>>> print(open('data05.cif').read())   # mmCIF, C-alpha atoms and all ligand atoms
data_start
loop_
_atom_site.label_atom_id
_atom_site.label_comp_id
_atom_site.auth_asym_id
_atom_site.auth_seq_id
_atom_site.Cartn_x
_atom_site.Cartn_y
_atom_site.Cartn_z
CA MET A 1073 -12.97 21.26 -16.47
CA SER A 1074 -12.93 20.84 -12.70
CA ASP A 1075 -10.93 23.14 -10.46
CA SER A 1076 -8.68 20.28 -9.37
CA VAL A 1077 -7.88 19.47 -13.02
CA ALA A 1078 -7.18 23.19 -13.62
CA ALA A 1079 -4.84 23.20 -10.63
CA TRP A 1080 -2.92 20.24 -11.99
CA LEU A 1081 -2.60 21.80 -15.43
CA ILE A 1082 -1.10 25.11 -14.32
CA LEU A 1083 2.30 23.68 -13.53
CA PRO A 1084 2.88 21.64 -16.73
CA LEU A 1085 1.48 24.50 -18.79
CA GLY A 1086 3.91 26.94 -17.21
CA ILE A 1087 6.74 24.53 -17.89
CA ALA A 1088 5.58 24.10 -21.50
CA LEU A 1089 5.45 27.86 -21.93
CA GLY A 1090 8.89 28.35 -20.48
CA TRP A 1091 10.28 25.49 -22.53
CA TYR A 1092 8.61 26.77 -25.66
CA ILE A 1093 9.97 30.28 -25.34
CA ARG A 1094 13.35 28.86 -24.41
CA GLY A 1095 13.50 26.61 -27.45
CA ARG A 1096 11.99 28.71 -30.22
CA PRO A 1097 14.25 28.64 -33.27
CA GLY A 1098 15.69 32.01 -34.10
CA ARG A 1099 14.74 33.44 -30.70
CA PRO A 1100 17.36 34.98 -28.53
CA GLY A 1101 18.89 32.27 -26.44
CA SER A 1102 18.01 29.46 -28.80
CA PRO A 1103 20.72 27.71 -30.76
CA GLY A 1104 22.10 30.05 -33.43
CA ALA A 1105 20.45 33.11 -31.96
CA ALA A 1106 22.08 36.35 -30.95
CA ASP A 1107 24.03 36.66 -27.74
CA ASP A 1108 21.25 38.46 -25.87
CA ASP A 1109 19.69 35.66 -23.86
CA ARG A 1110 17.53 37.84 -21.58
CA PRO A 1111 14.11 36.48 -22.75
CA THR A 1112 15.30 32.94 -22.28
CA ALA A 1113 16.52 33.66 -18.82
CA GLU A 1114 13.20 35.30 -17.94
CA ALA A 1115 11.20 32.43 -19.40
CA MET A 1116 13.25 29.92 -17.51
CA ALA A 1117 12.91 32.01 -14.38
CA GLY A 1118 9.14 31.93 -14.92
CA MET A 1119 9.24 28.20 -15.25
CA SER A 1120 11.26 27.74 -12.11
CA HIS A 1121 8.94 30.04 -10.14
CA LEU A 1122 5.99 27.97 -11.28
CA VAL A 1123 7.82 24.85 -10.21
CA ALA A 1124 8.41 26.52 -6.86
CA ASP A 1125 4.68 27.35 -6.72
CA ASP A 1126 5.28 31.07 -6.88
CA PRO A 1127 2.80 32.07 -9.60
CA ASP A 1128 3.15 35.86 -9.20
CA GLN A 1129 6.90 35.83 -9.75
CA ALA A 1130 6.40 33.35 -12.58
CA LEU A 1131 3.89 35.57 -14.31
CA ALA A 1132 6.04 38.65 -13.92
CA ALA A 1133 8.94 36.80 -15.57
CA LEU A 1134 6.88 35.30 -18.38
CA LEU A 1135 5.15 38.58 -19.21
CA ARG A 1136 8.51 40.36 -19.49
CA VAL A 1137 9.38 38.20 -22.50
CA GLY A 1138 9.71 40.45 -25.57
CA GLU A 1139 7.56 39.11 -28.42
CA PHE A 1140 5.15 36.23 -28.65
CA ASP A 1141 4.48 34.19 -31.75
CA SER A 1142 1.08 32.60 -32.20
CA GLN A 1143 1.92 29.42 -30.29
CA ALA A 1144 3.16 31.35 -27.29
CA VAL A 1145 -0.03 33.43 -27.40
CA GLU A 1146 -2.12 30.24 -27.38
CA LEU A 1147 -0.21 28.98 -24.35
CA HIS A 1148 -0.75 32.29 -22.55
CA LEU A 1149 -4.46 32.23 -23.38
CA THR A 1150 -4.76 28.74 -21.95
CA LEU A 1151 -2.76 29.70 -18.88
CA GLY A 1152 -4.95 32.75 -18.28
CA ALA A 1153 -8.16 30.73 -18.63
CA LEU A 1154 -6.81 28.20 -16.14
CA PHE A 1155 -6.02 30.92 -13.62
CA ARG A 1156 -9.60 32.18 -13.94
CA LYS A 1157 -10.94 28.65 -13.59
CA ARG A 1158 -8.98 28.31 -10.35
CA GLY A 1159 -10.56 31.53 -9.11
CA GLU A 1160 -7.28 33.47 -9.44
CA VAL A 1161 -8.87 36.31 -11.39
CA ASP A 1162 -6.10 38.84 -10.70
CA ARG A 1163 -3.57 36.57 -12.36
CA ALA A 1164 -5.89 35.82 -15.28
CA LEU A 1165 -6.38 39.57 -15.75
CA ARG A 1166 -2.63 40.18 -15.81
CA VAL A 1167 -2.11 37.54 -18.50
CA HIS A 1168 -4.96 38.70 -20.72
CA GLU A 1169 -4.34 42.44 -20.27
CA ALA A 1170 -0.69 41.89 -21.19
CA LEU A 1171 -1.75 40.04 -24.34
CA VAL A 1172 -4.26 42.69 -25.43
CA GLU A 1173 -1.78 45.48 -24.84
CA ARG A 1174 1.04 43.59 -26.57
CA ALA A 1175 0.34 44.40 -30.21
CA PRO A 1176 0.62 43.05 -32.76
CA LEU A 1177 -1.41 39.90 -32.19
CA ARG A 1178 -3.13 38.03 -34.99
CA PRO A 1179 -6.68 39.49 -35.29
CA ASP A 1180 -8.37 36.25 -34.18
CA GLN A 1181 -6.03 35.95 -31.18
CA PHE A 1182 -6.52 39.61 -30.32
CA ASP A 1183 -10.31 39.07 -30.27
CA ARG A 1184 -9.97 35.88 -28.26
CA ALA A 1185 -7.75 37.65 -25.75
CA ARG A 1186 -10.40 40.40 -25.48
CA TYR A 1187 -13.09 37.76 -24.98
CA GLU A 1188 -11.08 36.07 -22.22
CA LEU A 1189 -10.46 39.49 -20.67
CA ALA A 1190 -14.21 40.20 -20.69
CA LEU A 1191 -14.78 36.91 -18.83
CA ASP A 1192 -12.13 37.96 -16.29
CA TYR A 1193 -13.85 41.33 -15.78
CA LEU A 1194 -17.17 39.56 -15.32
CA LYS A 1195 -15.75 37.20 -12.72
CA ALA A 1196 -13.98 40.10 -10.97
CA GLY A 1197 -17.28 42.03 -10.77
CA MET A 1198 -16.02 44.76 -13.14
CA ILE A 1199 -19.36 44.67 -14.92
CA ASP A 1200 -19.08 47.91 -16.95
CA ARG A 1201 -15.79 46.86 -18.51
CA ALA A 1202 -17.10 43.35 -19.21
CA GLU A 1203 -20.24 44.76 -20.81
CA THR A 1204 -18.26 47.13 -23.06
CA LEU A 1205 -16.04 44.33 -24.33
CA PHE A 1206 -18.88 41.83 -24.84
CA GLU A 1207 -20.87 44.49 -26.70
CA ALA A 1208 -17.91 45.31 -28.96
CA LEU A 1209 -17.29 41.63 -29.71
CA SER A 1210 -20.95 40.90 -30.46
CA GLN A 1211 -21.16 43.94 -32.77
CA ARG A 1212 -18.15 42.60 -34.67
CA GLY A 1213 -19.76 39.15 -34.90
CA LEU A 1214 -17.00 37.52 -32.83
CA HIS A 1215 -17.71 34.98 -30.12
CA VAL A 1216 -21.16 36.39 -30.67
CA THR A 1217 -23.26 33.68 -29.01
CA SER A 1218 -21.12 33.58 -25.85
CA ALA A 1219 -20.87 37.38 -25.78
CA LEU A 1220 -24.66 37.78 -26.08
CA GLU A 1221 -25.28 35.11 -23.43
CA SER A 1222 -22.97 37.02 -21.11
CA LEU A 1223 -24.72 40.31 -21.93
CA VAL A 1224 -28.12 38.75 -21.17
CA SER A 1225 -26.76 37.52 -17.84
CA ILE A 1226 -25.29 40.96 -17.02
CA HIS A 1227 -28.55 42.77 -17.83
CA GLU A 1228 -30.54 40.25 -15.78
CA GLN A 1229 -28.28 40.77 -12.77
CA SER A 1230 -28.53 44.55 -13.06
CA HIS A 1231 -32.31 44.37 -13.69
CA GLU A 1232 -31.95 46.31 -16.94
CA TRP A 1233 -34.86 44.52 -18.52
CA ARG A 1234 -35.14 46.52 -21.74
CA ARG A 1235 -31.49 45.86 -22.52
CA ALA A 1236 -32.03 42.19 -21.58
CA ILE A 1237 -34.90 42.07 -24.11
CA ASP A 1238 -32.65 43.54 -26.82
CA ALA A 1239 -29.79 41.10 -26.12
CA SER A 1240 -32.23 38.19 -25.86
CA ARG A 1241 -33.72 38.97 -29.28
CA ARG A 1242 -30.26 39.21 -30.84
CA LEU A 1243 -29.26 35.93 -29.20
CA GLN A 1244 -32.40 34.25 -30.51
CA ALA A 1245 -31.58 35.41 -34.04
CA VAL A 1246 -27.92 34.40 -33.90
CA ALA A 1247 -28.11 31.11 -32.03
CA ALA A 1248 -31.53 30.02 -33.31
CA GLN A 1249 -32.55 29.46 -29.68
CA PRO A 1250 -36.26 29.79 -28.86
CA ARG A 1251 -36.21 32.51 -26.20
CA GLN A 1252 -39.76 33.87 -26.36
CA ALA A 1253 -40.67 32.46 -22.93
CA ILE A 1254 -37.67 34.21 -21.32
CA THR A 1255 -38.26 37.47 -23.21
CA ALA A 1256 -41.87 37.36 -21.95
CA GLN A 1257 -40.49 37.11 -18.40
CA TYR A 1258 -38.49 40.32 -19.01
CA TYR A 1259 -41.70 42.08 -20.09
CA CYS A 1260 -43.34 40.75 -16.92
CA GLU A 1261 -40.46 42.21 -14.87
CA LEU A 1262 -41.15 45.59 -16.51
CA ALA A 1263 -44.89 45.17 -15.92
CA ASP A 1264 -44.24 44.37 -12.26
CA GLU A 1265 -42.06 47.47 -11.88
CA ALA A 1266 -44.85 49.60 -13.41
CA ARG A 1267 -47.43 47.97 -11.11
CA ARG A 1268 -45.32 48.69 -8.04
CA ALA A 1269 -44.96 52.29 -9.24
CA LYS A 1270 -48.80 52.45 -9.46
CA ASN A 1271 -48.59 52.96 -13.22
CA LEU A 1272 -51.38 50.46 -13.84
CA ASP A 1273 -52.07 51.28 -17.50
CA GLU A 1274 -48.42 50.74 -18.39
CA ALA A 1275 -48.35 47.54 -16.31
CA GLN A 1276 -51.38 46.25 -18.20
CA ARG A 1277 -49.81 47.12 -21.56
CA LEU A 1278 -46.57 45.34 -20.66
CA ALA A 1279 -48.34 42.22 -19.35
CA LEU A 1280 -50.25 42.02 -22.64
CA ARG A 1281 -46.95 42.52 -24.48
CA ALA A 1282 -45.58 39.51 -22.57
CA LEU A 1283 -48.53 37.44 -23.76
CA ASP A 1284 -47.88 38.59 -27.35
CA GLU A 1285 -44.35 37.31 -26.95
CA GLU A 1286 -45.33 34.01 -25.33
CA ALA A 1287 -49.01 33.02 -25.19
CA GLY A 1288 -48.27 30.44 -22.48
CA CYS A 1289 -46.85 32.95 -20.01
CA VAL A 1290 -48.66 32.18 -16.74
CA ARG A 1291 -47.02 35.06 -14.96
CA ALA A 1292 -48.48 37.56 -17.45
CA ASN A 1293 -52.05 36.45 -16.71
CA LEU A 1294 -51.42 36.50 -12.95
CA LEU A 1295 -50.07 40.03 -13.32
CA LEU A 1296 -52.96 41.05 -15.53
CA GLY A 1297 -55.39 39.71 -12.92
CA SER A 1298 -53.66 41.73 -10.21
CA VAL A 1299 -53.52 44.93 -12.29
CA LEU A 1300 -57.15 44.72 -13.45
CA GLU A 1301 -58.34 44.04 -9.90
CA ALA A 1302 -56.38 47.09 -8.72
CA LYS A 1303 -58.06 49.13 -11.47
CA GLY A 1304 -61.47 47.94 -10.26
CA ASP A 1305 -62.08 45.76 -13.32
CA ARG A 1306 -62.80 42.58 -11.36
CA LEU A 1307 -64.59 40.85 -14.23
CA GLY A 1308 -61.54 41.47 -16.42
CA ALA A 1309 -59.35 40.09 -13.63
CA ILE A 1310 -61.51 36.95 -13.36
CA LYS A 1311 -61.19 36.46 -17.14
CA ALA A 1312 -57.39 36.77 -17.02
CA LEU A 1313 -57.02 34.47 -13.98
CA ARG A 1314 -59.24 31.82 -15.49
CA ARG A 1315 -56.79 31.50 -18.38
CA VAL A 1316 -54.05 30.27 -16.05
CA PRO A 1317 -55.24 26.63 -15.84
CA GLU A 1318 -55.35 26.54 -19.66
CA GLN A 1319 -51.67 27.49 -19.61
CA ASP A 1320 -50.40 25.33 -16.77
CA LEU A 1321 -52.50 23.39 -14.24
CA ARG A 1322 -49.68 23.43 -11.68
CA TYR A 1323 -50.26 27.13 -11.02
CA ILE A 1324 -53.93 26.75 -10.00
CA PRO A 1325 -53.10 27.38 -6.31
CA GLU A 1326 -51.84 30.84 -7.34
CA ILE A 1327 -55.24 31.93 -8.65
CA VAL A 1328 -57.28 30.78 -5.64
CA GLU A 1329 -57.11 33.86 -3.46
CA PRO A 1330 -57.50 36.55 -6.17
CA LEU A 1331 -60.20 34.57 -7.98
CA LEU A 1332 -62.09 33.97 -4.73
CA ARG A 1333 -61.78 37.66 -3.83
CA CYS A 1334 -62.99 38.90 -7.21
CA SER A 1335 -65.72 36.24 -7.48
CA GLU A 1336 -67.04 37.11 -4.01
CA ALA A 1337 -67.08 40.82 -4.82
CA GLU A 1338 -68.91 40.15 -8.07
CA HIS A 1339 -71.27 37.60 -6.40
CA GLN A 1340 -69.91 34.90 -8.67
CA LEU A 1341 -68.84 32.22 -6.18
CA PRO A 1342 -71.21 29.59 -7.69
CA GLU A 1343 -69.68 30.33 -11.12
CA PHE A 1344 -66.23 29.95 -9.56
CA LEU A 1345 -67.13 26.52 -8.14
CA GLU A 1346 -68.56 25.48 -11.48
CA PHE A 1347 -65.34 26.60 -13.16
CA LEU A 1348 -63.34 24.42 -10.76
CA ARG A 1349 -65.62 21.43 -11.30
CA GLU A 1350 -65.17 21.75 -15.05
CA LEU A 1351 -61.41 21.76 -14.63
CA ASP A 1352 -61.70 18.39 -12.90
CA ALA A 1353 -58.02 18.39 -12.08
CA GLU A 1354 -56.26 16.80 -9.14
CA ASP A 1355 -54.84 20.18 -8.20
CA THR A 1356 -58.29 21.73 -7.81
CA VAL A 1357 -59.33 19.58 -4.82
CA SER A 1358 -58.04 21.99 -2.18
CA VAL A 1359 -59.21 25.03 -4.10
CA SER A 1360 -62.71 23.69 -4.52
CA VAL A 1361 -63.05 22.73 -0.84
CA LEU A 1362 -61.70 26.09 0.31
CA ALA A 1363 -64.19 27.94 -1.88
CA GLN A 1364 -67.09 25.85 -0.55
CA ALA A 1365 -65.91 26.45 3.04
CA ARG A 1366 -65.87 30.16 2.29
CA LEU A 1367 -69.45 29.96 1.02
CA LEU A 1368 -70.52 28.12 4.20
CA ARG A 1369 -68.93 30.79 6.36
CA GLU A 1370 -70.72 33.51 4.38
CA THR A 1371 -74.07 31.86 5.13
CA GLY A 1372 -73.27 31.76 8.87
CA SER A 1373 -72.34 28.06 9.11
CA ASN A 1374 -69.14 26.76 10.65
CA PRO A 1375 -67.33 24.82 7.91
CA ALA A 1376 -65.27 22.76 10.43
CA ARG A 1377 -67.12 19.49 9.82
CA PHE A 1378 -67.06 19.94 6.06
CA LEU A 1379 -63.34 20.72 6.14
CA ALA A 1380 -62.60 17.76 8.47
CA GLU A 1381 -64.44 15.34 6.17
CA SER A 1382 -62.76 16.80 3.11
CA PHE A 1383 -59.36 16.56 4.79
CA ALA A 1384 -60.00 12.90 5.71
CA ALA A 1385 -60.82 12.17 2.05
CA ASN A 1386 -58.01 14.32 0.65
CA PRO A 1387 -55.24 15.05 3.16
CA ARG A 1388 -53.89 18.39 1.93
CA TRP A 1389 -51.91 21.03 3.78
CA ALA A 1390 -54.16 23.85 2.60
CA LEU A 1391 -57.22 22.09 4.06
CA LEU A 1392 -55.43 21.43 7.35
CA GLU A 1393 -54.45 25.10 7.61
CA GLU A 1394 -58.04 26.20 6.98
CA LEU A 1395 -59.39 23.63 9.45
CA LEU A 1396 -57.06 24.94 12.15
CA LYS A 1397 -58.52 28.40 11.67
CA VAL A 1398 -62.13 27.35 12.21
CA ILE A 1399 -61.90 24.78 15.02
CA GLU A 1400 -63.57 26.12 18.18
CA PRO A 1401 -61.93 25.22 21.52
CA PRO A 1402 -63.83 22.71 23.71
CA GLN A 1403 -65.56 23.85 26.94
CA ASP A 1404 -63.35 21.76 29.22
CA GLU A 1405 -60.37 23.89 30.25
CA SER A 1406 -57.70 21.18 30.15
CA MET A 1407 -59.02 19.86 26.83
CA ALA A 1408 -59.00 23.42 25.48
CA LEU A 1409 -55.36 23.76 26.52
CA ALA A 1410 -54.48 20.44 24.89
CA MET A 1411 -56.34 21.43 21.71
CA ASN A 1412 -54.62 24.79 21.63
CA THR A 1413 -51.20 23.13 21.92
CA LEU A 1414 -52.08 20.69 19.17
CA GLN A 1415 -53.31 23.47 16.90
CA GLU A 1416 -50.15 25.47 17.44
CA ALA A 1417 -47.92 22.45 16.69
CA LEU A 1418 -49.84 21.75 13.49
CA ARG A 1419 -49.63 25.41 12.47
CA ILE A 1420 -45.85 25.27 12.83
CA ALA A 1421 -45.70 22.04 10.80
CA ALA A 1422 -47.95 23.50 8.11
CA SER A 1423 -45.93 26.72 7.89
CA ALA A 1424 -42.71 24.71 7.44
CA ARG A 1425 -44.04 22.62 4.56
CA THR A 1426 -42.59 22.87 1.08
CA ARG A 1427 -44.65 25.44 -0.79
CA TYR A 1428 -42.69 25.72 -4.02
CA ARG A 1429 -40.11 23.63 -5.79
CA CYS A 1430 -37.72 24.27 -8.65
CA THR A 1431 -38.19 21.61 -11.32
CA SER A 1432 -34.66 22.28 -12.53
CA CYS A 1433 -32.48 22.15 -9.39
CA GLY A 1434 -34.86 20.97 -6.64
CA LEU A 1435 -34.65 24.15 -4.51
CA ALA A 1436 -37.68 24.50 -2.21
CA PRO A 1437 -38.15 28.26 -1.67
CA GLY A 1438 -40.89 29.71 0.51
CA LEU A 1439 -41.96 32.15 -2.22
CA LEU A 1440 -42.79 31.90 -5.89
CA PHE A 1441 -39.69 33.12 -7.74
CA TRP A 1442 -40.02 33.51 -11.48
CA GLN A 1443 -36.27 33.11 -11.83
CA CYS A 1444 -34.88 30.40 -9.54
CA PRO A 1445 -32.46 32.08 -7.08
CA SER A 1446 -30.24 29.00 -7.22
CA CYS A 1447 -30.03 27.73 -10.82
CA LYS A 1448 -31.23 31.01 -12.47
CA GLN A 1449 -33.74 29.19 -14.69
CA TRP A 1450 -36.82 31.17 -15.64
CA GLY A 1451 -40.27 29.70 -14.92
CA SER A 1452 -38.88 26.56 -13.25
CA VAL A 1453 -40.30 27.21 -9.76
CA VAL A 1454 -43.81 25.80 -9.42
CA PRO A 1455 -46.21 25.27 -6.49
CA ALA A 1456 -45.26 22.08 -4.64
CA ASP A 1457 -47.51 19.08 -4.26
CA ASP A 1458 -49.98 19.94 -1.50
CA ARG A 1459 -50.56 16.36 -0.36
CA LEU A 1460 -49.56 15.26 3.14
CA THR A 1461 -47.33 12.27 2.69
CA PRO A 1462 -46.09 9.91 5.42
CA VAL A 1463 -42.49 10.50 6.47
CA LYS A 1464 -40.30 7.79 4.96
CA THR A 1465 -37.85 6.12 7.33
ZN ZN B 1501 -33.52 26.04 -9.62
#
>>> encode(input="data05.cif", output="C-alpha cells")
Amino acid sequence: MSDSVAAWLILPLGIALGWYIRGRPGRPGSPGAADDDRPTAEAMAGMSHLVADDPDQALAALLRVGEFDSQAVELHLTLGALFRKRGEVDRALRVHEALVERAPLRPDQFDRARYELALDYLKAGMIDRAETLFEALSQRGLHVTSALESLVSIHEQSHEWRRAIDASRRLQAVAAQPRQAITAQYYCELADEARRAKNLDEAQRLALRALDEEAGCVRANLLLGSVLEAKGDRLGAIKALRRVPEQDLRYIPEIVEPLLRCSEAEHQLPEFLEFLRELDAEDTVSVSVLAQARLLRETGSNPARFLAESFAANPRWALLEELLKVIEPPQDESMALAMNTLQEALRIAASARTRYRCTSCGLAPGLLFWQCPSCKQWGSVVPADDRLTPVKT
C-alpha cells in the first residue's frame, strides 16, 4: 500500500470506527441502550477530530472508549497499521499499546496487536522491545515467519551474527526457504571479525564452516586465501583462491592481486598464467595481461609496448591503469608536460569508473560489499564489466 493510499484511508477509517462504536447494538448511546452516552460522545468526538484533521485529539477520544468488541479491535488494528505506514509511529504505538493493555482481547487479536506493536517498535528504533516481542511470538508459533524475518533483520543490523545464524536456521525450517547461502555469509562475517582480531585459526575454521554451509560461497574462499596467506601458507592460499572461478567467474578480478602475490612468492607465475589460460574466460583477459606484464617487469623489461598492444586489442580499464603506471615521459619538455596532463586526466577517469555493481538494485559502489548497502541483498554486488565502452549520446 502506498503512503498516499494510506493517507486517504485514515479519514474514512476513523469515520467508520466512530460510526461503528456509535451504532453498536446494546452499547451505551445506541438505540435501547442505557442513558450513559459517554462512549458515543467520545467516539463521535474522535470522528469529528479526524474530519478536522486533528489525529491526536481523535486518537485520545477513540482510545477513551470503554470496551471494544472484535470488530472495533480490527478497525483499531487497521488504523494503527495505517498510521505506521504513513510514518506516524507515535500514533501507531498509542493505538497498539492501548489495545495490548486493554484486556480482554481475543487471543488471536491480542497476538496480532503484539505483532503490530513489535513492528512499531522496530520502526521507532526501539530495537530491544521489538526483539523481545518478535522472539515471544516466534516461540509461540504466531506470525512466526514474519517474526523470524524481522529477527534476522534486527540481528543483521546489530551485527549479532551468531543470533542471525540461529534465526536464519529457524526461518529456513519454518518457511522452507533455502537460506544456506545467507547463513554462509553470517559465518563469513564471523570469520572476518576473527581475522581482524588476528585470531587466524578461528577465522580459518569459520571460513571452512561457511563452505560447509554453502559450497558455492565465493567469499569464504577469498577469506580463506587471505587467512592462509597471513599464516604463511601461500600454497594453501593459492589452492583456496583457485577455487573461486569454479564458483563464480565474475569474481576473478578479486583473486588477481592475492594470487599474483602468492604465486610470485612461491615462484609459480608460469603456473598462474597456465591456470588463467585454462580458464579461457572473457573475464581473464585483463588478469592474464597484467600477470604477463608483471613477469616482464621482473625480468627488467618495460611492459609498456605489451600493455599498449593488449589494450588496443582489448580495451579494459585495468590495462589502461597499468599502462599509465609504466609510460615513461618523453625527452621534450613540452611533450612531457602534455603527456603528464593526459596521464593525470586518464587516471581521474579510470578512478571514477564503475568498479562494482549490484545485480539486484543497480547500485554502483566503489567497494565490494557482501551485503548491498542499498537493497540489503547478500552476494548481489559483483565486479563490474571492465570493458571501456563508448559514451552513448
Ligand atoms: Zn542492491
>>> closest_atom_pairs(input="data05.cif", of="chain A", to="ligand ZN 1501 (chain B)", cutoff="6 Å", atoms="all atoms listed in the file", output="CSV")
residue,atom,partner,partner_atom,distance
A:Cys1430,CA,B:ZN1501,ZN,4.7
A:Ser1432,CA,B:ZN1501,ZN,4.9
A:Cys1433,CA,B:ZN1501,ZN,4.0
A:Leu1435,CA,B:ZN1501,ZN,5.6
A:Cys1444,CA,B:ZN1501,ZN,4.6
A:Ser1446,CA,B:ZN1501,ZN,5.0
A:Cys1447,CA,B:ZN1501,ZN,4.1
A:Gln1449,CA,B:ZN1501,ZN,6.0
>>> residues_around(input="data05.cif", residues="range 1290-1303 of chain A", least_positions_apart="6", cutoff="7 Å", atoms="only C-alpha atoms", output="PyMOL selection string")
chain A and resi 1260+1267+1272+1276+1279+1282-1283+1309-1310+1312-1313+1316+1319
>>> residues_near_point(input="data05.cif", point="(-38.6, 47.8, -23.4)", cutoff="10 Å", atoms="all atoms listed in the file", output="list in words")
Glu1232, Trp1233, Arg1234, Arg1235, Ala1236, Ile1237, Asp1238, Tyr1258, Tyr1259, Leu1262, Leu1278 and Arg1281 of chain A
>>> atom_distance(input="data05.cif", atom1="CA of Asp1458 in chain A", atom2="CA of Gly1308 in chain A")
28.6 Å
>>> atom_distance(input="data05.cif", atom1="CA of Gln1143 in chain A", atom2="CA of Asp1162 in chain A")
23.2 Å
>>> atom_distance(input="data05.cif", atom1="CA of Glu1146 in chain A", atom2="CA of Glu1221 in chain A")
24.0 Å
>>> closest_residue(input="data05.cif", among="A:Leu1189, A:Ala1253, A:Arg1184, A:Leu1223", to="Glu1203 in chain A", atoms="all atoms listed in the file")
A:Leu1223
>>> residues_around(input="data05.cif", residues="Leu1345 in chain A", least_positions_apart="2", cutoff="8 Å", atoms="only C-alpha atoms", output="list in words")
Leu1341, Pro1342, Glu1343, Phe1347, Leu1348, Arg1349, Ser1360, Ala1363 and Gln1364 of chain A
>>> residues_near_point(input="data05.cif", point="(-58.7, 27.3, 5.3)", cutoff="12 Å", atoms="all atoms listed in the file", output="PyMOL selection string")
chain A and resi 1328-1329+1358-1369+1374-1376+1378-1380+1382-1383+1388-1399+1419+1422
>>> residues_around(input="data05.cif", residues="Leu1307 in chain A", least_positions_apart="3", cutoff="8 Å", atoms="all atoms listed in the file", output="MDAnalysis selection string")
chainID A and resid 1310:1311 1334 1338
>>> residues_around(input="data05.cif", residues="His1168 in chain A", least_positions_apart="4", cutoff="12 Å", atoms="all atoms listed in the file", output="ChimeraX atom specification")
/A:1131,1135,1145-1156,1161-1164,1172-1174,1181-1193
>>> decode(input="data05.cif", residues="range 1145-1188 of chain A", atoms="C-alpha atoms", output="PDB file, in the first residue's frame")
ATOM      1  CA  VAL A1145     -10.432  -4.140  17.575  1.00  0.00           C
ATOM      2  CA  GLU A1146     -10.000  -4.963  13.881  1.00  0.00           C
ATOM      3  CA  LEU A1147     -10.702  -1.347  12.964  1.00  0.00           C
ATOM      4  CA  HIS A1148      -8.167  -0.134  15.533  1.00  0.00           C
ATOM      5  CA  LEU A1149      -5.563  -2.588  14.237  1.00  0.00           C
ATOM      6  CA  THR A1150      -6.075  -1.332  10.713  1.00  0.00           C
ATOM      7  CA  LEU A1151      -5.960   2.285  11.856  1.00  0.00           C
ATOM      8  CA  GLY A1152      -2.720   1.674  13.765  1.00  0.00           C
ATOM      9  CA  ALA A1153      -1.092  -0.047  10.783  1.00  0.00           C
ATOM     10  CA  LEU A1154      -2.082   2.887   8.576  1.00  0.00           C
ATOM     11  CA  PHE A1155      -0.535   5.379  10.979  1.00  0.00           C
ATOM     12  CA  ARG A1156       2.712   3.377  10.875  1.00  0.00           C
ATOM     13  CA  LYS A1157       2.549   3.207   7.089  1.00  0.00           C
ATOM     14  CA  ARG A1158       2.265   6.996   6.995  1.00  0.00           C
ATOM     15  CA  GLY A1159       5.362   7.235   9.188  1.00  0.00           C
ATOM     16  CA  GLU A1160       3.333   8.393  12.219  1.00  0.00           C
ATOM     17  CA  VAL A1161       4.882   5.817  14.535  1.00  0.00           C
ATOM     18  CA  ASP A1162       3.954   7.609  17.774  1.00  0.00           C
ATOM     19  CA  ARG A1163       0.281   7.403  16.873  1.00  0.00           C
ATOM     20  CA  ALA A1164       0.576   3.773  15.777  1.00  0.00           C
ATOM     21  CA  LEU A1165       2.240   2.982  19.109  1.00  0.00           C
ATOM     22  CA  ARG A1166      -0.560   4.649  21.057  1.00  0.00           C
ATOM     23  CA  VAL A1167      -3.216   2.615  19.233  1.00  0.00           C
ATOM     24  CA  HIS A1168      -1.432  -0.721  19.593  1.00  0.00           C
ATOM     25  CA  GLU A1169      -0.253  -0.183  23.180  1.00  0.00           C
ATOM     26  CA  ALA A1170      -3.819   0.721  24.150  1.00  0.00           C
ATOM     27  CA  LEU A1171      -5.086  -2.485  22.551  1.00  0.00           C
ATOM     28  CA  VAL A1172      -2.490  -4.720  24.224  1.00  0.00           C
ATOM     29  CA  GLU A1173      -3.127  -3.152  27.608  1.00  0.00           C
ATOM     30  CA  ARG A1174      -6.915  -3.299  27.171  1.00  0.00           C
ATOM     31  CA  ALA A1175      -7.628  -6.881  28.210  1.00  0.00           C
ATOM     32  CA  PRO A1176      -9.507  -8.951  27.462  1.00  0.00           C
ATOM     33  CA  LEU A1177      -8.871  -9.273  23.742  1.00  0.00           C
ATOM     34  CA  ARG A1178      -9.452 -12.470  21.818  1.00  0.00           C
ATOM     35  CA  PRO A1179      -6.150 -14.447  21.898  1.00  0.00           C
ATOM     36  CA  ASP A1180      -5.581 -14.121  18.140  1.00  0.00           C
ATOM     37  CA  GLN A1181      -6.264 -10.370  18.261  1.00  0.00           C
ATOM     38  CA  PHE A1182      -4.039  -9.975  21.311  1.00  0.00           C
ATOM     39  CA  ASP A1183      -1.179 -11.666  19.416  1.00  0.00           C
ATOM     40  CA  ARG A1184      -1.827  -9.611  16.308  1.00  0.00           C
ATOM     41  CA  ALA A1185      -1.816  -6.423  18.364  1.00  0.00           C
ATOM     42  CA  ARG A1186       1.531  -7.521  19.876  1.00  0.00           C
ATOM     43  CA  TYR A1187       2.877  -8.231  16.393  1.00  0.00           C
ATOM     44  CA  GLU A1188       1.802  -4.786  15.156  1.00  0.00           C
TER      45      GLU A1188
END
